[in-house]
Every structure is written in C-alpha cells, then in structure tokens.
Amino acid sequence: MNLALSDEQEFLREAARGALSRHKTVAAAREALDGQDDALPDLWPMAREAGWPGLLIDEEHGGAGLDAFDAMLVLGECGRVIAGIELLGHLPATAILSDSPAASSLLEPLATGERRAAYLPVCPPDDLEAQWTVDPRGGAGRSPAPTATAADGGVRVSGELSFVPDAPGADVLVGVAMLDGRPVGVAIEADAQGVGVEAVRRYDATRSLGHVALADAPATLLDAPEQSLAGAWHLAQALLAAESLGAVETALDVSVAYAKERHTFGRAIGSYQAVKHSLTEVLRQLDNGRSLLYYAGWARNGAPAEFPLAASASRSVGSRALDVAARTMISVHGGIGATWEHDAPLYFRRAQLSRRLLGGTGRATDRVAGEVLTQAAGA
Amino acid sequence: MDLDDTPEQADHRAKVRAWLGEHKSQAPVLQGPGALEDEAEILAARRAWQGKLAEGGLAGVVWPKEYGGQGLGPIEQVICNQEIARAKVPGILDAIGVGMLGPTIIAHGAEEQKTRYLGPMLHGDEVWCQLFSEPAAGSDLAAVQTRARLQDDGSWRLSGQKVWTTNAQFASYGLLLARTDADVPKHKGMTMFIVPMDAEGVTVRGLRQISGEAEFNEVFFDDVELDAGSVVGGVGNGWGTALTTLMYERVTIGLSGEGMGYTPARFAGAIAADEHARRDPEVRRQLGEIASELTAVRFTGYRTLTALQKGQIPGPEAGLAKVTIVNGAIKAGDLLADVLGPDGLEESGDLAYMISFLPGLKSAGGTEEILRNTIGERVLGLPPEPRLDKGIPFSELRSKEGAPA
C-alpha cells in the first residue's frame, strides 16, 4: 500500500507549476473575456517542451509512457491558474490511439505535439441507456453517436458533436462511431472533406470548444477494443475532475489568505465560525476529490472494471467542489468578489462551464449511481 | 501508486488468514442463525475471543513486544482488521482500551502500571473505559469539573460525573481525566487517573438514546478513594496525557478504514431491488452524490495509511473524513427511508437503528462544529475564535461565563 507521490511525480508537478508560472494566464482570461481575442497565450509550445502531449503515449512511440494519474497532476496545475491548454481534448484521443495497433503510425507526431488531436466525446452505455450517445446542442435529451459506413479500405463517418473540447485547430479528431450497430474507434483528419469545426466560446474564454459536423468524412478505422473507447470518456471525466480540483486549490488559498487579513468588528473574518466553516467545507470537498483522483488513477490499470465508477465519482465530486469553492471565494471576499477586476469571477466562470461539459456533472453522478446499483444487483 | 501488499505484508496476511481459518470456529456468533442472545454470554464469549486474537497476534499488533504486542506497524494492524472482516468474525471487544488507552499508558504510565494493566487489557480479561467527557465538558474537554483532591497520605478522593462512556457497564478500569488544581488556567490543572470501576462510590447508569438502547453510560463518582499509584503521566499533566489518547483515537479511526462500515454497497441493495426507485432520476442523483463521497473516504483511508506507514501522525484533517462519513450515512438513511416508506422505520430493522444512531454520532469525538473550527485553525491556518478562558484560573471561569464579553 503506497499512495504517496513518487519523486518523479513530485518533479512533474513542480515543473508544471514552474512552467505555468511564467505566463499570466489569469489576467489573460479576463482580457480575453473583454474581447481581446489575442490575449490568451498559446501554451502549446510550452506543453510540447514539457512533454505533456505524449504523457500517455509509450516511449517506443516518442511519448513519456506515463499513467492517467500523472496526466491528472499536470491538469491539476493547469486548473490552478485556469490555463487554457488543449490537453483535455488531446490526451483521451492519444489514449484511444495508443490502444489501436493499426494506428500506431499516427502516434509519434502526436507524442511530440507536432500535431494535436481532439477527442470526440461519445458517452458509453450505462445501466439505463443502452446506446452510445453524444451531448446535445441543448436540452436535457441525448443525441445519437456518429455513424460509420465502410468505404474503400476505411470508413466514412457522419454525425454531429457539440461543445467538443479543444476541437478548433486540432489536426486529427479521434472518437467513436457506430458501424453496423457496434462502436468502433475512428480517426479523422480535420482538414478532410466533410469535416466542419465551428469554434464556439461560452462564458469561460480560456476553454476552447467546437461544434463538429461530420458528413461522410473519411476516417481511419481503429482497432482499439470497446473498453478503450469507453475508457476515453471516463479518462476525460477524471482529467476534468483533476483540472477542477486544481482550480479549487487556488480558490481556497486565495479565500483563506483574504479571511486572515480582512477585519470586521475588530476581528479577522476568518475567526468567525460562519466563514471558517464554509472554508473547511471547501477543504472537505477538495480532499474527497483528491482521494477519488487517486482511485481513478489507480483503477484505470489496477482495476479497469472500477474505472467508470472511480472516474465518474471524481468528476461528480470535483465539479461540485469547484462550484462551491468559487461561490465561497466570492462570498468570503464580499462585494468585491463579484466585481470584474477580481479573480473570483474567472474561477466562477470556469466552474459554471466545466460543470456543463462532457455530459455534465449530473450525468457523471448518475453513472456513479448506476455502477453502484449494478454491483448491488449482482451481489 | 500501489494498493498491493509488499511481499512482507502478503506474508503477514497469509499468516493471519491461516490463523483465522484454523480458529474461526471458536469465534462467537453475534448475528444470523445460532446467534448468542444472552448479554452475559455474549460478553463472556467476546472476552474469550479477544484473548484468542491476542494469543494469535491479531490484537495489539502495534503494541511493543514487551507488553504482549507484536511490535509491528499500522499497516499490519490494518491487514489483521481486513482479514477479521473477511472471515466474518467479530473483532476485539475492547477496541477503546487496546487502541487508545493502552497506548496512552505505554506512552505515559509508570513501569508498574504497564506491568500490572496492559496484559489483562490486551487479552480481554479486564475491559477498560474512557472517562473523559462530562455533561459540561465535551468538545471543550479541558472544562472537566470532576475533582480529585489530594489527601495527606498521598491518596486521592474523586467526585464528579462522566458521560458517553462506552463499555462502562462491564469495564474493570477506566482512564479518567480529573481536575486537581482549580486555581490555575484550565489546561494546566488536570491529572489523568486509573480508576477501578468496582471501587466504592462508583455508579454506572445506562444512558438510553433515540433507538431506545443504551449505547453509552453515565458514570458517577462519589468520594471515591484512589491510591497514589493511580496517577498516569504525572500530576498536572493531564491535558498532555489526554492529547495522546485523542491522537490514538484518530489513528484508530484511520486504521478502521472503509468508512466505519457505511459503504455505498450497504445502501444500494434496497434501491436496486425496487424497480421504480432504481430508475428514478432524483433517487439516482442522491445515491450518486452519497456514493461518490463515501467512496472517496475509502481512498482517504488509504492516504492516511500511507502517511502512517511513513511515520506521519494523522492530523485534525482526518476529522473531515468523519464528517463526510456521518453526513453521508445520514443522507443515505434518509434516502432509503424515502424509498421504503414507513416500513423503513420498522424498529427491529437495521435501517431504523442506523437512522436513530447517526444523529448522536454526529457529535461523537467532538461536534461537527468544533471539528470544523479545529480544522480551520490547524489546517487552513485561520485565526481562532476569540476566547474568554485563556490565562484565567479555572475557579474564576464560572463567574465570567454569562458576563458580557
């Protein structure tokens, strides 16, 4: 039993924190919201230099050959400074490709970051929903997964995916399509005919999103097993959780610092139980989230059958923690916390959008219930 | 990151499992068919079983060898606990004594005390109870009023009342925190004592709770005589000695693991069995949130173990896991009762018992509010509440209470 970070993991985290500290990501987030479209720094070169694009690709193909938990450490650091780096889209895509021997030739430029991939999020079935589905453009329903038809040695894919993280500017789109009723992995060159990517910005300027329209787009058929296709969805959940919990750390640190220095009625406000207890509640949720990241990081390889539960639980707790942390950050700072000049609104915006991506927090929470109920029914 | 046993740990687990395989038929049956019913019989059987576990090296695993323990680390204790749970046999009867009070005596007691008391404690021959909390001293433990007065011959006379005392009804001894000097500030004037529960002037009364059962006791001391050798850790050092006990309380909770038995699996069965409930979005949302948090606690436990293995002592943040467990279990009980309707509150059922038990558990080991204060101050570094009791002799505090700040 050992859940301590290894020296390498400590180093990975410290190096990430150091590299990110050289960019004014938080200020840039505000400027971008103010309409300065070029305000956001391009952090991909930094990510390449650090080797992050290849975190989950094995060394044989030019990657670092690390685990999901290592990727979560990096995403956590990105979340701390609400940096917009296209890893949430890139890493799950590389996970599918790494499990596809037929596509191994695609890996090397993705490992170095010379090319960038984006994961097309297709949600695997659960105990109530038998189909693979995608997030709808709006509303509470689910939309059907893209479909594939066999064509001249490969497949052609049609379908629509909404709010795909990091799709704009990606070189290759990697996801799941239904071929004769079965889920298959597909890799689609973004500049191929029949591929449309419409960049969209919603509420949090640091988050690159795109609506992807596929109309008979030529695709490489991947031979990743179904578990890997589902695993990419769960990996994305865990990465988003890690990123959210990183943002919680900052929100909590800043709020605690303010609660120590701001005085009312002759006392630091952090000495009041009402303030103190709301901050310990953030810590409690953060700590639960961290524990679930360990679970998800371990389960992906250590207990694959538990990975859906672990990743969904981490997403459920992580997203909620960020919502609570951002709201607490605002309220601890009083009125100033709700002003444009303060950082709190940026973390709040990050929280609100993140909660609605990749199936939304509700879907992750529901999958936790589904996994637990299925286990109980089988016991 | 690794959840597997090291070869040494696997070896230890195999030995423990083999021992349990050989001896489990001697374990008392407490549930299901053939379960013991008579209280006295259950007690005798559990004491005997604790003795067996101690002989087998499954109790007092972290105690030094010279006091009958195994001299091993916390991870080996956890392995024993896991294997005992796996074998579906009861654990030791006196978890409070072996887990918290024994280690306190080992740390602070005189050699004669260790020689006299530790062996019988470990083997279940003499059960112990913890006499700390009082009606007006719980979260603010240093407010204890139970008074021990030194006599000319070096003996002590003890008067006062303790409460929430588990196992007092059959304990042989108690470890008691008393005030010995009221003219100094409250943290300074306390002393820890060993009290024979059969001494003249000791009265134990069961304290019934919401469930109707008496989980705890009140204990009254009416001019009880204690000899000079009953002091543990020195006169006036009671607070420091008590802190050791409380630290071992956190360790014990950390080692018990798996969320005190409140696992998602325990709650999911009844919902899974109800065709409507298992599809109900609101039921699923609540179950998902509860299960996520209770699952987190399992890994918080593993993180605590990792820290213990590295020789770190669990800090007050371990209390956050308790808050999560208790509140999660309360919500789960509520959800199940919603699904099952009034039948969920059938008195004889496990669910009704749990629903009755949990509101009190919220305050056990310190109220949630005081836990959050401690964590806010010790972990987040937030400034403390202004206190009106600092530096003031205990005897003058009463008159200050109620006075305007």
# chains A, B, ... in the order shown; residues from 1 in each chain; ligands from 1

call {"tool": "closest_atom_pairs", "arguments": {"of": "segment 43-130 of chain A", "to": "segment 165-170 of chain A", "cutoff": "7 Å", "atoms": "only C-alpha atoms", "output": "Markdown table"}}
result
| residue | atom | partner | partner_atom | distance |
| --- | --- | --- | --- | --- |
| A:Glu86 | CA | A:Asp166 | CA | 5.3 |
| A:Leu88 | CA | A:Pro165 | CA | 6.7 |
| A:Gly89 | CA | A:Asp166 | CA | 5.2 |
| A:Arg116 | CA | A:Ala170 | CA | 5.2 |
| A:Ala117 | CA | A:Ala170 | CA | 5.3 |
| A:Ala118 | CA | A:Ala167 | CA | 5.4 |

call {"tool": "write_last_selection", "arguments": {"atoms": "N, CA and C atoms", "output": "mmCIF file, in the first residue's frame"}}
result
data_model
loop_
_atom_site.group_PDB
_atom_site.id
_atom_site.type_symbol
_atom_site.label_atom_id
_atom_site.label_comp_id
_atom_site.auth_asym_id
_atom_site.auth_seq_id
_atom_site.Cartn_x
_atom_site.Cartn_y
_atom_site.Cartn_z
ATOM 1 N N GLU A 86 -4.620 22.666 -24.570
ATOM 2 C CA GLU A 86 -5.544 21.746 -25.233
ATOM 3 C C GLU A 86 -5.315 20.279 -24.834
ATOM 4 N N LEU A 88 -7.126 18.503 -22.459
ATOM 5 C CA LEU A 88 -8.372 17.783 -22.162
ATOM 6 C C LEU A 88 -8.885 17.087 -23.420
ATOM 7 N N GLY A 89 -8.665 17.712 -24.572
ATOM 8 C CA GLY A 89 -9.054 17.076 -25.821
ATOM 9 C C GLY A 89 -7.991 16.113 -26.339
ATOM 10 N N ARG A 116 -1.738 17.959 -33.149
ATOM 11 C CA ARG A 116 -2.601 17.960 -31.980
ATOM 12 C C ARG A 116 -3.876 17.180 -32.300
ATOM 13 N N ALA A 117 -4.309 16.383 -31.323
ATOM 14 C CA ALA A 117 -5.536 15.606 -31.502
ATOM 15 C C ALA A 117 -6.635 16.179 -30.607
ATOM 16 N N ALA A 118 -7.874 15.920 -30.991
ATOM 17 C CA ALA A 118 -9.007 16.249 -30.114
ATOM 18 C C ALA A 118 -9.907 15.034 -30.025
#

call {"tool": "closest_atom_pairs", "arguments": {"of": "chain B", "to": "chain A", "cutoff": "8 Å", "atoms": "only C-alpha atoms", "output": "JSON lines"}}
result
{"residue": "B:Met1", "atom": "CA", "partner": "A:Leu3", "partner_atom": "CA", "distance": 4.8}
{"residue": "B:Asp2", "atom": "CA", "partner": "A:Asn2", "partner_atom": "CA", "distance": 5.1}
{"residue": "B:Leu3", "atom": "CA", "partner": "A:Met1", "partner_atom": "CA", "distance": 4.3}
{"residue": "B:Asp4", "atom": "CA", "partner": "A:Met1", "partner_atom": "CA", "distance": 5.4}
{"residue": "B:Asp5", "atom": "CA", "partner": "A:Met1", "partner_atom": "CA", "distance": 5.9}
{"residue": "B:Thr6", "atom": "CA", "partner": "A:Met1", "partner_atom": "CA", "distance": 7.4}
{"residue": "B:Pro264", "atom": "CA", "partner": "A:Val372", "partner_atom": "CA", "distance": 7.0}
{"residue": "B:Ala265", "atom": "CA", "partner": "A:Ala376", "partner_atom": "CA", "distance": 6.1}
{"residue": "B:Ala268", "atom": "CA", "partner": "A:Leu373", "partner_atom": "CA", "distance": 5.6}
{"residue": "B:Gly269", "atom": "CA", "partner": "A:Ala376", "partner_atom": "CA", "distance": 5.0}
{"residue": "B:Ile271", "atom": "CA", "partner": "A:Leu373", "partner_atom": "CA", "distance": 7.3}
{"residue": "B:Ala272", "atom": "CA", "partner": "A:Leu373", "partner_atom": "CA", "distance": 5.2}
{"residue": "B:Ala273", "atom": "CA", "partner": "A:Ala377", "partner_atom": "CA", "distance": 7.1}
{"residue": "B:Arg278", "atom": "CA", "partner": "A:Leu373", "partner_atom": "CA", "distance": 7.4}
{"residue": "B:Arg279", "atom": "CA", "partner": "A:Leu128", "partner_atom": "CA", "distance": 7.5}
{"residue": "B:Pro281", "atom": "CA", "partner": "A:Asp366", "partner_atom": "CA", "distance": 7.8}
{"residue": "B:Arg284", "atom": "CA", "partner": "A:Ala369", "partner_atom": "CA", "distance": 5.4}
{"residue": "B:Arg285", "atom": "CA", "partner": "A:Asp366", "partner_atom": "CA", "distance": 5.7}
{"residue": "B:Leu287", "atom": "CA", "partner": "A:Ala369", "partner_atom": "CA", "distance": 5.6}
{"residue": "B:Gly288", "atom": "CA", "partner": "A:Ala369", "partner_atom": "CA", "distance": 4.3}
{"residue": "B:Glu289", "atom": "CA", "partner": "A:Thr365", "partner_atom": "CA", "distance": 6.2}
{"residue": "B:Ala291", "atom": "CA", "partner": "A:Val368", "partner_atom": "CA", "distance": 7.1}
{"residue": "B:Ser292", "atom": "CA", "partner": "A:Ala313", "partner_atom": "CA", "distance": 4.8}
{"residue": "B:Glu293", "atom": "CA", "partner": "A:Asn288", "partner_atom": "CA", "distance": 6.5}
{"residue": "B:Thr295", "atom": "CA", "partner": "A:Leu292", "partner_atom": "CA", "distance": 7.5}
{"residue": "B:Ala296", "atom": "CA", "partner": "A:Asn288", "partner_atom": "CA", "distance": 5.1}
{"residue": "B:Val297", "atom": "CA", "partner": "A:Asn288", "partner_atom": "CA", "distance": 6.7}
{"residue": "B:Phe299", "atom": "CA", "partner": "A:Ser291", "partner_atom": "CA", "distance": 5.2}
{"residue": "B:Thr300", "atom": "CA", "partner": "A:Ser291", "partner_atom": "CA", "distance": 5.3}
{"residue": "B:Tyr302", "atom": "CA", "partner": "A:Leu3", "partner_atom": "CA", "distance": 7.0}
{"residue": "B:Arg303", "atom": "CA", "partner": "A:Leu3", "partner_atom": "CA", "distance": 5.9}
{"residue": "B:Leu305", "atom": "CA", "partner": "A:Met1", "partner_atom": "CA", "distance": 7.9}
{"residue": "B:Thr306", "atom": "CA", "partner": "A:Asn2", "partner_atom": "CA", "distance": 5.4}
{"residue": "B:Ala307", "atom": "CA", "partner": "A:Ala4", "partner_atom": "CA", "distance": 7.9}
{"residue": "B:Leu320", "atom": "CA", "partner": "A:Arg284", "partner_atom": "CA", "distance": 5.9}
{"residue": "B:Ala321", "atom": "CA", "partner": "A:Arg284", "partner_atom": "CA", "distance": 7.8}
{"residue": "B:Thr324", "atom": "CA", "partner": "A:Arg284", "partner_atom": "CA", "distance": 7.8}
{"residue": "B:Glu369", "atom": "CA", "partner": "A:His277", "partner_atom": "CA", "distance": 7.7}
{"residue": "B:Arg372", "atom": "CA", "partner": "A:His277", "partner_atom": "CA", "distance": 5.7}
{"residue": "B:Asn373", "atom": "CA", "partner": "A:Lys276", "partner_atom": "CA", "distance": 6.8}
{"residue": "B:Ile375", "atom": "CA", "partner": "A:Thr280", "partner_atom": "CA", "distance": 6.8}
{"residue": "B:Gly376", "atom": "CA", "partner": "A:Thr280", "partner_atom": "CA", "distance": 5.7}
{"residue": "B:Leu380", "atom": "CA", "partner": "A:Val256", "partner_atom": "CA", "distance": 7.0}
{"residue": "B:Leu382", "atom": "CA", "partner": "A:Gly270", "partner_atom": "CA", "distance": 5.5}
{"residue": "B:Pro383", "atom": "CA", "partner": "A:Ser271", "partner_atom": "CA", "distance": 4.9}
{"residue": "B:Pro384", "atom": "CA", "partner": "A:Ser271", "partner_atom": "CA", "distance": 5.1}
{"residue": "B:Glu385", "atom": "CA", "partner": "A:Ser271", "partner_atom": "CA", "distance": 5.0}
{"residue": "B:Pro386", "atom": "CA", "partner": "A:Ser271", "partner_atom": "CA", "distance": 7.6}

call {"tool": "atom_distance", "arguments": {"atom1": "atom CA of Tyr119 of chain A", "atom2": "atom CA of Val174 of chain A"}}
result
5.0 Å

call {"tool": "residues_around", "arguments": {"residues": "Lys162 of chain B", "least_positions_apart": "2", "cutoff": "8 Å", "atoms": "only C-alpha atoms", "output": "NGL selection string"}}
result
:B and (131-135 or 146 or 160 or 164-165 or 218-220)

call {"tool": "residues_around", "arguments": {"residues": "Gly206 of chain B", "least_positions_apart": "6", "cutoff": "8 Å", "atoms": "only C-alpha atoms", "output": "JSON, numbers by chain"}}
result
{"B": [169, 214, 215, 216, 217, 218]}

call {"tool": "closest_residue", "arguments": {"among": "B:Glu39, B:Lys188, B:Gly236, B:Ala171", "to": "Val204 of chain B", "atoms": "only C-alpha atoms"}}
result
B:Ala171

call {"tool": "select_by_dssp", "arguments": {"residues": "segment 237-284 of chain A", "states": "strand (DSSP E)", "output": "NGL selection string"}}
result
:A and (263-264 or 267-268)

call {"tool": "write_last_selection", "arguments": {"atoms": "N, CA and C atoms", "output": "short mmCIF file (atom, residue, chain, number, x, y, z; two decimals), in the first residue's frame"}}
result
data_model
loop_
_atom_site.label_atom_id
_atom_site.label_comp_id
_atom_site.auth_asym_id
_atom_site.auth_seq_id
_atom_site.Cartn_x
_atom_site.Cartn_y
_atom_site.Cartn_z
N HIS A 263 -10.45 42.42 8.26
CA HIS A 263 -11.02 42.52 9.61
C HIS A 263 -12.38 43.21 9.57
N THR A 264 -13.31 42.69 10.37
CA THR A 264 -14.56 43.40 10.62
C THR A 264 -14.86 43.29 12.10
N ARG A 267 -12.11 41.97 14.30
CA ARG A 267 -11.57 40.61 14.19
C ARG A 267 -11.33 40.26 12.73
N ALA A 268 -10.33 39.40 12.50
CA ALA A 268 -10.17 38.84 11.16
C ALA A 268 -11.43 38.03 10.85
#

call {"tool": "closest_residue", "arguments": {"among": "A:Ala32, A:Leu120, A:Ala247, A:Ala344", "to": "Val197 of chain A", "atoms": "only C-alpha atoms"}}
result
A:Leu120

call {"tool": "select_by_dssp", "arguments": {"residues": "segment 32-72 of chain A", "states": "alpha helix (DSSP H)", "output": "VMD selection string"}}
result
chain A and resid 32 to 33 44 to 50 68 to 72

call {"tool": "atom_distance", "arguments": {"atom1": "atom CA of Pro103 of chain B", "atom2": "atom CA of Thr245 of chain B"}}
result
7.6 Å

call {"tool": "closest_residue", "arguments": {"among": "B:Ala270, B:Leu93, B:Ala59, B:Val235", "to": "Arg47 of chain B", "atoms": "only C-alpha atoms"}}
result
B:Leu93

call {"tool": "residues_around", "arguments": {"residues": "segment 68-77 of chain B", "least_positions_apart": "6", "cutoff": "7 Å", "atoms": "only C-alpha atoms", "output": "list of chain:residue names"}}
result
B:Gln9, B:Gly57, B:Gly60, B:Val61, B:Val62, B:Gly119, B:Leu305, B:Leu308, B:Gln309

call {"tool": "decode", "arguments": {"residues": "segment 33-142 of chain B", "atoms": "C-alpha atoms", "output": "CSV table (one decimal), in the first residue's frame"}}
result
chain,number,residue,atom,x,y,z
B,33,PRO,CA,-28.8,-18.3,12.8
B,34,GLY,CA,-27.4,-19.6,16.1
B,35,ALA,CA,-26.5,-16.1,17.3
B,36,LEU,CA,-26.0,-15.7,21.0
B,37,GLU,CA,-28.7,-13.8,22.7
B,38,ASP,CA,-27.9,-13.6,26.4
B,39,GLU,CA,-26.0,-10.4,27.2
B,40,ALA,CA,-23.7,-12.1,29.8
B,41,GLU,CA,-23.0,-15.0,27.4
B,42,ILE,CA,-22.1,-12.6,24.6
B,43,LEU,CA,-19.8,-10.6,26.8
B,44,ALA,CA,-18.0,-13.8,28.1
B,45,ALA,CA,-17.7,-15.1,24.6
B,46,ARG,CA,-16.3,-11.9,23.2
B,47,ARG,CA,-13.8,-11.6,26.0
B,48,ALA,CA,-12.6,-15.1,25.4
B,49,TRP,CA,-12.4,-14.4,21.6
B,50,GLN,CA,-10.3,-11.2,22.3
B,51,GLY,CA,-7.9,-13.4,24.3
B,52,LYS,CA,-7.6,-15.8,21.4
B,53,LEU,CA,-7.0,-13.0,18.9
B,54,ALA,CA,-4.3,-11.6,21.3
B,55,GLU,CA,-2.6,-15.0,21.5
B,56,GLY,CA,-2.7,-15.3,17.8
B,57,GLY,CA,-1.1,-11.9,17.4
B,58,LEU,CA,-4.1,-10.3,15.8
B,59,ALA,CA,-4.7,-7.8,18.6
B,60,GLY,CA,-2.3,-5.1,19.9
B,61,VAL,CA,-0.4,-5.6,16.7
B,62,VAL,CA,1.3,-2.2,17.1
B,63,TRP,CA,2.0,-2.6,20.8
B,64,PRO,CA,5.6,-3.2,21.7
B,65,LYS,CA,6.5,-6.9,22.2
B,66,GLU,CA,7.5,-6.4,25.8
B,67,TYR,CA,3.8,-5.6,26.6
B,68,GLY,CA,2.5,-8.6,24.7
B,69,GLY,CA,2.1,-6.8,21.4
B,70,GLN,CA,3.6,-7.7,18.0
B,71,GLY,CA,5.8,-4.6,17.6
B,72,LEU,CA,4.6,-4.2,14.1
B,73,GLY,CA,3.4,-1.2,12.1
B,74,PRO,CA,-0.1,0.2,11.5
B,75,ILE,CA,-0.3,-1.5,8.1
B,76,GLU,CA,0.0,-4.9,9.7
B,77,GLN,CA,-2.9,-3.9,12.1
B,78,VAL,CA,-5.0,-2.9,9.1
B,79,ILE,CA,-4.2,-6.3,7.4
B,80,CYS,CA,-5.5,-8.0,10.6
B,81,ASN,CA,-8.6,-5.9,10.6
B,82,GLN,CA,-9.3,-6.6,7.0
B,83,GLU,CA,-8.8,-10.3,7.4
B,84,ILE,CA,-11.0,-10.4,10.5
B,85,ALA,CA,-13.7,-8.6,8.5
B,86,ARG,CA,-13.2,-11.0,5.6
B,87,ALA,CA,-13.5,-14.0,7.9
B,88,LYS,CA,-16.8,-12.5,9.2
B,89,VAL,CA,-15.8,-12.9,12.8
B,90,PRO,CA,-16.0,-10.3,15.5
B,91,GLY,CA,-13.0,-8.1,16.2
B,92,ILE,CA,-11.8,-7.4,19.7
B,93,LEU,CA,-14.3,-6.3,22.4
B,94,ASP,CA,-12.1,-3.6,23.9
B,95,ALA,CA,-11.1,-1.6,20.9
B,96,ILE,CA,-11.0,1.6,23.1
B,97,GLY,CA,-8.6,0.1,25.6
B,98,VAL,CA,-6.3,-1.7,23.1
B,99,GLY,CA,-6.5,1.1,20.5
B,100,MET,CA,-6.3,4.2,22.7
B,101,LEU,CA,-6.0,3.7,26.4
B,102,GLY,CA,-3.3,1.1,26.3
B,103,PRO,CA,-1.1,3.1,24.1
B,104,THR,CA,-1.6,6.1,26.4
B,105,ILE,CA,-0.4,4.1,29.4
B,106,ILE,CA,2.5,2.8,27.3
B,107,ALA,CA,3.5,6.4,26.5
B,108,HIS,CA,3.0,8.0,29.9
B,109,GLY,CA,2.4,5.3,32.5
B,110,ALA,CA,4.8,4.1,35.2
B,111,GLU,CA,6.5,0.7,34.8
B,112,GLU,CA,4.4,-0.9,37.5
B,113,GLN,CA,1.2,0.3,35.7
B,114,LYS,CA,2.4,-1.2,32.4
B,115,THR,CA,3.2,-4.5,34.0
B,116,ARG,CA,0.0,-4.7,36.0
B,117,TYR,CA,-2.6,-3.5,33.5
B,118,LEU,CA,-1.5,-4.0,29.9
B,119,GLY,CA,-1.5,-7.8,29.7
B,120,PRO,CA,-5.1,-8.3,31.1
B,121,MET,CA,-6.3,-5.4,28.9
B,122,LEU,CA,-4.9,-6.9,25.7
B,123,HIS,CA,-6.4,-10.3,26.5
B,124,GLY,CA,-9.8,-9.1,27.3
B,125,ASP,CA,-9.6,-10.2,30.9
B,126,GLU,CA,-10.0,-6.6,32.1
B,127,VAL,CA,-12.0,-4.3,29.9
B,128,TRP,CA,-11.4,-0.6,30.0
B,129,CYS,CA,-13.4,2.5,29.5
B,130,GLN,CA,-12.5,6.1,28.7
B,131,LEU,CA,-13.7,8.6,31.4
B,132,PHE,CA,-13.1,12.0,29.7
B,133,SER,CA,-16.3,13.7,28.6
B,134,GLU,CA,-18.7,15.3,31.1
B,135,PRO,CA,-22.1,16.9,30.8
B,136,ALA,CA,-20.4,20.3,30.6
B,137,ALA,CA,-17.1,19.2,29.0
B,138,GLY,CA,-17.3,17.5,25.6
B,139,SER,CA,-15.8,19.4,22.7
B,140,ASP,CA,-14.3,21.7,25.3
B,141,LEU,CA,-12.7,18.8,27.1
B,142,ALA,CA,-10.4,21.0,29.2
